[in-house]
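Participant: My file is model_15.cif. It has mmCIF, N, CA and C atoms:
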data_target
loop_
_atom_site.label_atom_id
_atom_site.label_comp_id
_atom_site.auth_asym_id
_atom_site.auth_seq_id
_atom_site.Cartn_x
_atom_site.Cartn_y
_atom_site.Cartn_z
N MET G 295 2.70 31.40 10.12
CA MET G 295 2.69 31.57 8.68
C MET G 295 1.92 30.40 8.06
N TRP G 296 1.19 30.72 7.01
CA TRP G 296 0.54 29.69 6.22
C TRP G 296 0.68 30.03 4.75
N ARG G 297 0.79 28.99 3.94
CA ARG G 297 0.95 29.18 2.51
C ARG G 297 -0.40 28.95 1.85
N CYS G 298 -0.78 29.87 0.98
CA CYS G 298 -2.07 29.80 0.29
C CYS G 298 -2.07 28.61 -0.68
N ALA G 299 -3.13 27.81 -0.61
CA ALA G 299 -3.24 26.64 -1.49
C ALA G 299 -3.53 27.06 -2.93
N ARG G 300 -4.08 28.23 -3.14
CA ARG G 300 -4.43 28.67 -4.49
C ARG G 300 -3.25 29.33 -5.20
N CYS G 301 -2.61 30.32 -4.54
CA CYS G 301 -1.56 31.08 -5.24
C CYS G 301 -0.16 30.85 -4.68
N GLY G 302 -0.04 30.21 -3.51
CA GLY G 302 1.26 29.90 -2.93
C GLY G 302 1.88 31.02 -2.11
N ALA G 303 1.16 32.13 -1.93
CA ALA G 303 1.70 33.25 -1.16
C ALA G 303 1.78 32.90 0.32
N ARG G 304 2.79 33.43 0.99
CA ARG G 304 2.92 33.24 2.44
C ARG G 304 2.12 34.34 3.14
N ASN G 305 1.37 33.92 4.16
CA ASN G 305 0.53 34.85 4.90
C ASN G 305 0.73 34.67 6.39
N ASP G 306 0.44 35.73 7.15
CA ASP G 306 0.51 35.66 8.60
C ASP G 306 -0.58 34.72 9.10
N ARG G 307 -0.29 33.97 10.15
CA ARG G 307 -1.27 33.00 10.67
C ARG G 307 -2.55 33.68 11.12
N ALA G 308 -2.48 34.90 11.58
CA ALA G 308 -3.66 35.61 12.05
C ALA G 308 -4.52 36.15 10.91
N ALA G 309 -3.96 36.18 9.68
CA ALA G 309 -4.72 36.71 8.55
C ALA G 309 -5.87 35.77 8.22
N GLY G 310 -7.06 36.34 8.01
CA GLY G 310 -8.24 35.55 7.70
C GLY G 310 -8.32 35.15 6.24
N HIS G 311 -7.61 35.91 5.37
CA HIS G 311 -7.62 35.63 3.94
C HIS G 311 -6.23 35.87 3.37
N CYS G 312 -5.96 35.27 2.23
CA CYS G 312 -4.68 35.46 1.56
C CYS G 312 -4.56 36.92 1.12
N GLY G 313 -3.38 37.50 1.35
CA GLY G 313 -3.15 38.88 0.96
C GLY G 313 -3.03 39.08 -0.54
N ARG G 314 -2.75 38.03 -1.29
CA ARG G 314 -2.59 38.14 -2.73
C ARG G 314 -3.88 37.82 -3.49
N CYS G 315 -4.52 36.68 -3.18
CA CYS G 315 -5.68 36.26 -3.98
C CYS G 315 -7.00 36.28 -3.22
N GLY G 316 -6.96 36.44 -1.90
CA GLY G 316 -8.19 36.54 -1.12
C GLY G 316 -8.77 35.21 -0.65
N MET G 317 -8.09 34.10 -0.89
CA MET G 317 -8.61 32.81 -0.44
C MET G 317 -8.64 32.77 1.08
N ALA G 318 -9.67 32.12 1.64
CA ALA G 318 -9.83 32.04 3.09
C ALA G 318 -8.68 31.25 3.71
N SER G 319 -8.28 31.66 4.89
CA SER G 319 -7.22 30.99 5.62
C SER G 319 -7.72 29.64 6.15
N PRO G 320 -6.87 28.61 6.16
CA PRO G 320 -7.29 27.34 6.76
C PRO G 320 -7.41 27.45 8.28
N PHE G 321 -6.94 28.56 8.84
CA PHE G 321 -7.00 28.76 10.28
C PHE G 321 -8.13 29.70 10.69
N SER G 322 -8.93 30.16 9.74
CA SER G 322 -10.01 31.08 10.07
C SER G 322 -11.16 30.32 10.71
N ASP G 323 -12.00 31.05 11.41
CA ASP G 323 -13.12 30.44 12.12
C ASP G 323 -14.40 30.39 11.30
N ASP G 324 -14.37 30.84 10.05
CA ASP G 324 -15.60 30.78 9.26
C ASP G 324 -15.89 29.33 8.87
N ASP G 325 -17.07 29.06 8.37
CA ASP G 325 -17.50 27.70 8.08
C ASP G 325 -17.01 27.16 6.74
N ARG G 326 -16.24 27.92 5.99
CA ARG G 326 -15.86 27.48 4.66
C ARG G 326 -14.66 26.54 4.66
N THR G 327 -13.72 26.71 5.57
CA THR G 327 -12.48 25.94 5.53
C THR G 327 -12.14 25.44 6.92
N HIS G 328 -11.76 24.16 7.00
CA HIS G 328 -11.35 23.58 8.28
C HIS G 328 -10.09 22.75 8.04
N THR G 329 -9.20 22.76 9.01
CA THR G 329 -8.00 21.96 8.95
C THR G 329 -8.17 20.81 9.92
N ILE G 330 -7.89 19.59 9.47
CA ILE G 330 -7.99 18.42 10.33
C ILE G 330 -6.67 17.67 10.31
N ASP G 331 -6.42 16.93 11.37
CA ASP G 331 -5.25 16.06 11.43
C ASP G 331 -5.68 14.64 11.11
N ILE G 332 -4.99 14.01 10.17
CA ILE G 332 -5.28 12.63 9.80
C ILE G 332 -4.14 11.78 10.32
N PRO G 333 -4.43 10.80 11.19
CA PRO G 333 -3.36 9.97 11.74
C PRO G 333 -2.76 9.08 10.67
N ALA G 334 -1.48 8.83 10.80
CA ALA G 334 -0.80 7.94 9.86
C ALA G 334 -1.21 6.50 10.11
N VAL G 335 -1.37 5.74 9.07
CA VAL G 335 -1.77 4.34 9.18
C VAL G 335 -0.64 3.49 8.63
N ASP G 336 -0.21 2.52 9.44
CA ASP G 336 0.84 1.61 8.98
C ASP G 336 0.22 0.59 8.04
N PRO G 337 0.82 0.37 6.88
CA PRO G 337 0.29 -0.66 5.98
C PRO G 337 0.53 -2.05 6.56
N GLU G 338 -0.27 -3.01 6.14
CA GLU G 338 -0.08 -4.38 6.60
C GLU G 338 1.24 -4.91 6.07
N PRO G 339 1.95 -5.69 6.88
CA PRO G 339 3.21 -6.25 6.39
C PRO G 339 2.94 -7.20 5.23
N SER G 340 3.80 -7.16 4.25
CA SER G 340 3.60 -8.02 3.08
C SER G 340 4.00 -9.45 3.42
N ARG G 341 3.21 -10.38 2.91
CA ARG G 341 3.50 -11.80 3.12
C ARG G 341 4.19 -12.34 1.88
N PRO G 342 5.12 -13.27 2.06
CA PRO G 342 5.76 -13.85 0.89
C PRO G 342 4.73 -14.63 0.07
N ALA G 343 4.86 -14.55 -1.22
CA ALA G 343 3.93 -15.24 -2.10
C ALA G 343 4.18 -16.74 -2.02
N SER G 344 3.11 -17.49 -1.80
CA SER G 344 3.27 -18.94 -1.75
C SER G 344 3.26 -19.49 -3.17
N SER G 345 4.05 -20.50 -3.38
CA SER G 345 4.17 -21.06 -4.70
C SER G 345 3.85 -22.55 -4.65
N SER G 346 3.15 -23.05 -5.65
CA SER G 346 2.85 -24.47 -5.71
C SER G 346 3.92 -25.24 -6.49
N LEU G 347 4.94 -24.56 -6.96
CA LEU G 347 5.99 -25.21 -7.75
C LEU G 347 6.72 -26.30 -6.99
N PRO G 348 7.13 -26.12 -5.73
CA PRO G 348 7.82 -27.21 -5.02
C PRO G 348 6.94 -28.47 -4.90
N TRP G 349 5.65 -28.29 -4.66
CA TRP G 349 4.77 -29.45 -4.56
C TRP G 349 4.65 -30.15 -5.91
N ALA G 350 4.64 -29.40 -6.99
CA ALA G 350 4.56 -30.01 -8.32
C ALA G 350 5.82 -30.81 -8.61
N VAL G 351 6.97 -30.30 -8.22
CA VAL G 351 8.24 -31.02 -8.43
C VAL G 351 8.24 -32.31 -7.63
N VAL G 352 7.79 -32.27 -6.39
CA VAL G 352 7.73 -33.47 -5.55
C VAL G 352 6.77 -34.49 -6.16
N ALA G 353 5.62 -34.03 -6.65
CA ALA G 353 4.64 -34.95 -7.24
C ALA G 353 5.21 -35.63 -8.48
N VAL G 354 5.89 -34.89 -9.33
CA VAL G 354 6.49 -35.47 -10.54
C VAL G 354 7.58 -36.47 -10.16
N ALA G 355 8.38 -36.14 -9.17
CA ALA G 355 9.45 -37.05 -8.75
C ALA G 355 8.88 -38.35 -8.18
N VAL G 356 7.81 -38.26 -7.39
CA VAL G 356 7.19 -39.46 -6.83
C VAL G 356 6.59 -40.32 -7.94
N LEU G 357 5.92 -39.70 -8.90
CA LEU G 357 5.35 -40.46 -10.01
C LEU G 357 6.44 -41.14 -10.85
N ALA G 358 7.53 -40.46 -11.08
CA ALA G 358 8.64 -41.05 -11.84
C ALA G 358 9.24 -42.23 -11.08
N LEU G 359 9.38 -42.10 -9.77
CA LEU G 359 9.92 -43.19 -8.95
C LEU G 359 8.98 -44.39 -8.97
N LEU G 360 7.67 -44.14 -8.86
CA LEU G 360 6.71 -45.24 -8.93
C LEU G 360 6.74 -45.93 -10.29
N ALA G 361 6.89 -45.16 -11.36
CA ALA G 361 6.98 -45.74 -12.70
C ALA G 361 8.22 -46.62 -12.81
N LEU G 362 9.35 -46.19 -12.28
CA LEU G 362 10.57 -47.00 -12.31
C LEU G 362 10.41 -48.29 -11.51
N ILE G 363 9.73 -48.22 -10.37
CA ILE G 363 9.52 -49.42 -9.56
C ILE G 363 8.63 -50.40 -10.31
N VAL G 364 7.57 -49.90 -10.95
CA VAL G 364 6.68 -50.77 -11.70
C VAL G 364 7.43 -51.43 -12.85
N ILE G 365 8.23 -50.68 -13.57
CA ILE G 365 9.02 -51.22 -14.69
C ILE G 365 10.00 -52.28 -14.18
N ALA G 366 10.65 -52.02 -13.04
CA ALA G 366 11.61 -52.98 -12.48
C ALA G 366 10.92 -54.26 -12.08
N VAL G 367 9.75 -54.17 -11.44
CA VAL G 367 9.03 -55.36 -11.01
C VAL G 367 8.57 -56.17 -12.22
N VAL G 368 8.07 -55.49 -13.26
CA VAL G 368 7.58 -56.18 -14.45
C VAL G 368 8.74 -56.89 -15.15
N THR G 369 9.90 -56.29 -15.25
CA THR G 369 11.04 -56.92 -15.92
C THR G 369 11.61 -58.09 -15.10
N LEU G 370 11.56 -58.01 -13.79
CA LEU G 370 12.07 -59.09 -12.96
C LEU G 370 11.13 -60.30 -12.99
N VAL G 371 9.85 -60.07 -13.03
CA VAL G 371 8.86 -61.15 -13.04
C VAL G 371 8.86 -61.85 -14.39
N ALA G 372 9.05 -61.14 -15.44
CA ALA G 372 8.96 -61.74 -16.77
C ALA G 372 10.14 -62.53 -17.14
#
Take the structure I supplied and represent it as structure tokens, if you would.
Facilitator:
Amino acid sequence: MWRCARCGARNDRAAGHCGRCGMASPFSDDDRTHTIDIPAVDPEPSRPASSSLPWAVVAVAVLALLALIVIAVVTLVA
């Protein structure tokens, strides 16, 4: 059995054309219609998005620590 793509009627597999609308069968041997098998393709696995936020937090923390050290040294020397 095959279902017509145009009108949706069910037809015998041996039928060359749809019994309702006359559309050619996808199983016929004429040159108008061919059925092919397309293999399934697995999509690439998704990668987690990398973020620069942790590096920015570390950079700010290091700069703040360096500023505190400079302030401490300047106050102790003076």
Participant: Work out how far CA of Cys312 in chain G is from CA of Cys298 in chain G, in Å to one decimal.
Facilitator: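 Atom-to-atom, CA of Cys298 in chain G to CA of Cys312 in chain G, that is 6.4 Å.
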Participant: Could you list the residues chosen by the PyMOL selection byres ((chain G and resi 308) around 8) in this structure as a VMD selection string?
Facilitator: chain G and resid 295 to 296 305 to 307 309 to 311 319 321 to 322
Participant: Report, in Å with one decimal, the straight-line distance from CA of Gly302 in chain G to CA of Ala334 in chain G.
Facilitator: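 Distance between the two atoms: 25.5 Å.
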Participant: What does the structure give for the distance between atom C of Ala366 in chain G and atom C of Ala353 in chain G, in Å to one decimal?
Facilitator: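 Value for the atom C of Ala366 in chain G-atom C of Ala353 in chain G distance: 19.8 Å.
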Participant: Evaluate the PyMOL selection byres ((chain G and resi 314) around 8) and record the selected residues as a list in words, following the chain and residue labels used in the document.
Facilitator: Cys301, Ala303, Arg304, Asn305, His311, Cys312, Gly313, Cys315, Gly316 and Met317 of chain G
Participant: Taking all atoms of range 351-357 of chain G that the file lists and extending 6 Å past them on each side, where is the centre of the axis-aligned box and how long are its edges? Answer in Å to one decimal, as AutoDock Vina command-line options.
Facilitator:
--center_x 7.0 --center_y -35.7 --center_z -8.2 --size_x 16.8 --size_y 22.8 --size_z 17.3
